[in-house]
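S.K.: I have a structure I would like to understand better, so I am pasting it below and will then ask my questions one at a time.
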Amino acid sequence: MKEKDIRDKDKLKLYLKLVQEDCKAFLNSKKALVKVKCPACQEDKHILEFKKSCFEYVTCLNCSTLYAKTRLSFDSLKEFYGRSASTDFWVKEFFMPVAEARREKIFRPRAEFITEYFGKDPAWQIGDIGAGFGLFLDELHKLWGQSSYIAIEPSLEQAELCGKLDLKAECSTLEELKGYDNSFNLLTAFELFEHLYDPSVFLSSVYRLLKKGGWLFLTTLNGEGFDIRILWEDSKAIYPPCHINFFNPGSIRHLLTREGFEAVKIETPGQLDWDIVEGAIVNDSIKLGKFWETFARKGKSEAKDELQDWIRRNNLSSHMRVLARKK
Ligand SMILES: [Zn+2]
């Protein structure tokens with residue numbers, strides 16, 4: 001898989017520009033910025049790494065989580081996602097044209113991972129948090145016909161799209177979802193943790209909704225992964241006020257354990273690290289030294305594939321996949 005298969009680079013640039021503009025408008029309207037402790041271990045010892053706009057990104061000296069120490073408050077962030085031009089662009093212009101490609105390249109393999117890991121259909125109640133267009137649940141439904149599926153999606157527009165796929169949709173945030181305590185066997189949350197104002201609060205809601213022994217399957221960004229570490233403050237994955245938490249395999253284990261989960265599997269099966277770095281060198285003229293410059297421009301595709309495979313096998317990708325269980 002290549003980056004161009006799942007996102008248009010020009011649209012990504014435009015989206016990030018819109019986010020900046022929306023963010024500026026929010027800050028001008030005197031929305032409060034707040035300072036937080038490490039979202040993984042709650043310690044407050046950190047070093048400043050860089051600033052993006054007026055948001056300080058720091059590394060926790062206890063658990064190495066990279067996080068935005070300054071961030072929009074919970075309510076401001078909710079408002080930001082609810083009514084900003086950038087969110088509208090992301091849904092209609094950025095995601096929609098590649099939705100079917102993403103179904104094939106991302107959501108179907110995720111559904112297959114689940115069915116391979118757990119075996120034959122256990123007739124579970126399964127919920128996808130931030131279900132978007134419902135593509136993941138739709139794919140899982142094709143493989144496990146006996147299980148029941150609930151798309152948990154705060155955007156009314158997207159919840160309606162889930163309804164069209166014959167999925168039960170709950171138009172709600174996870175924290176506000178009522179009537180499902182101790183009822184899910186499996187909850188999924190894809191590319192959400194990097195966005196969360198307070199991942200601990202989010203996990204306590206997941207804990208409340210899962211049955212005892214129920215599973216959480218999540219994917220998020222690994223702040224110790226290849227493309228993020230190489231590109232660092234030039235990484236497009238690090239952008240305020242949206243991407244604010246970059247856990248790593250150790251710190252996400254710590255967080256899950258503290259919130260009453262057993263972290264059963266933490267791995268980084270990413271496929272795009274090198275492609276992202278190459279794109280930054282070739283298309284964006286980011287300077288990363290002579291070796292990477294030469295490798296990006298003259299390296300053989302087999303060598304690049306081998307590098308990505310090495311990154312994946314050694315748990316060094318920026319894309320992290322986690323399976324955890326409620327104790
Ligand atoms: Zn920490």
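For the structure tokens, the naming scheme is as follows: chains receive sequential letters (A, B, ...) according to their order of presentation, residues are indexed from 1 within each chain, and ligands are indexed from 1 in presentation order.
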Give as a ChimeraX atom specification the residues surrounding ligand 1 up to a distance of 12 Å, considering only C-alpha atoms and all ligand atoms.
M.R.: /A:36-47,58-67,69,245-248,250-255
S.K.: Tell me which protein, DNA and RNA residues are within 8 Å of range 73-76 of chain A, counting only C-alpha atoms, leaving out same-chain ones fewer than 6 positions away, and put them as number ranges by chain.
M.R.: A: 31-34, 197
S.K.: So which residues touch Asp273 in chain A within 7 Å, counting only C-alpha atoms, skipping near sequence neighbours fewer than 4 positions away, as a list of chain:residue names?
M.R.: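 Selected residues are A:Phe226, A:Asp227, A:Val277, A:Gln308, A:Ser317, A:Ser318.
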S.K.: For Asp22 in chain A, which residue among A:His195, A:Ser200, A:Pro240, A:Tyr207 is the nearest when counting only C-alpha atoms?
M.R.: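 Closest to Asp22 in chain A, using only C-alpha atoms: A:Pro240.
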S.K.: Out of range 232-274 of chain A, which residues get helix (DSSP H, G or I) from DSSP, as a ChimeraX atom specification?
M.R.: /A:232-234,249-258,273-274
S.K.: Any idea what the distance is between CA of Glu176 in chain A and CA of Asn28 in chain A?
M.R.: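 Atom-to-atom, CA of Glu176 in chain A and CA of Asn28 in chain A are spaced 29.2 Å apart.
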S.K.: Quote the spacing between CA of Ala131 in chain A and CA of Thr257 in chain A in Å to one decimal place.
M.R.: 25.1 Å
S.K.: When you count only C-alpha atoms, which of these residues is closest to Ala280 in chain A: A:Glu157, A:Glu293, A:Asp181, A:Glu262?
M.R.: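 For Ala280 in chain A, the nearest of the candidates is A:Glu293.
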S.K.: Which residue gives the smallest distance to Glu100 in chain A among A:Arg321, A:Arg7, A:Lys2, A:Arg313, with only C-alpha atoms counted?
M.R.: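 Closest residue, counting only C-alpha atoms: A:Arg7.
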S.K.: So what do you get for CA of Ile230 in chain A versus CA of Gln20 in chain A, distance-wise?
M.R.: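 Atom-to-atom, CA of Ile230 in chain A and CA of Gln20 in chain A are spaced 22.9 Å apart.
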S.K.: Select, from A:Gly127, A:Ile6, A:Gly225, A:Leu209, the residue with the minimum atom-to-atom distance to Glu267 in chain A, counting only C-alpha atoms.
M.R.: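 Using only C-alpha atoms, the shortest distance to Glu267 in chain A belongs to A:Gly225.
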S.K.: Pick out the residues sitting within 12 Å of Tyr117 in chain A, and hand them over as a PyMOL selection string; count only C-alpha atoms, and ignore anything fewer than 2 positions along from it in its own chain.
M.R.: chain A and resi 110-115+119-122+215+217+264-265+323
S.K.: Taking the chain letters and numbering used in this document, name the residues of range 135-264 of chain A that DSSP puts in strand (DSSP E or B), as a ChimeraX atom specification.
M.R.: /A:148-152,168-170,184-190,210-221,245-246,261-264
S.K.: Give me the residues within 6 Å of Ile126 in chain A as an MDAnalysis selection string, counting only C-alpha atoms and dropping any in the same chain fewer than 5 places off.
M.R.: chainID A and resid 149 184 186:187
S.K.: Find the residues around Thr87 in chain A up to 10 Å (only C-alpha atoms counted), leave out those fewer than 4 positions away in its own chain, and share them as a list in words.
M.R.: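 That gives Tyr15, Leu18, Val19, Asp22, Phe80, Tyr81, Gly82, Arg83, Val91, Lys92, Glu93 and Phe94 of chain A.
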S.K.: Next, the residues of the selection above should be written as a PDB file, in the first residue's frame with C-alpha atoms.
M.R.:
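Generated output (selection.pdb):
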ATOM      1  CA  TYR A  15      -7.017  20.198   4.825  1.00  0.00           C
ATOM      2  CA  LEU A  18      -7.974  24.810   6.721  1.00  0.00           C
ATOM      3  CA  VAL A  19      -7.329  23.346  10.173  1.00  0.00           C
ATOM      4  CA  ASP A  22     -10.100  27.328  11.779  1.00  0.00           C
ATOM      5  CA  PHE A  80     -14.185  22.666  16.745  1.00  0.00           C
ATOM      6  CA  TYR A  81     -15.038  19.228  15.343  1.00  0.00           C
ATOM      7  CA  GLY A  82     -18.733  20.016  15.278  1.00  0.00           C
ATOM      8  CA  ARG A  83     -18.751  23.124  13.142  1.00  0.00           C
ATOM      9  CA  VAL A  91     -15.576  14.372   5.355  1.00  0.00           C
ATOM     10  CA  LYS A  92     -16.726  15.518   1.916  1.00  0.00           C
ATOM     11  CA  GLU A  93     -13.556  16.281  -0.033  1.00  0.00           C
ATOM     12  CA  PHE A  94     -10.828  14.282   1.667  1.00  0.00           C
TER      13      PHE A  94
END
S.K.: Here is a test: counting only C-alpha atoms, which residue of A:Phe118, A:Phe89, A:Asp138, A:Ile281 is nearest to Thr294 in chain A?
M.R.: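 When distances to Thr294 in chain A are compared using only C-alpha atoms, the smallest one comes from A:Ile281.
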S.K.: Find the residues around Phe50 in chain A up to 7 Å (only C-alpha atoms counted), leave out those fewer than 4 positions away in its own chain, and share them as a PyMOL selection string.
M.R.: chain A and resi 56-57+233
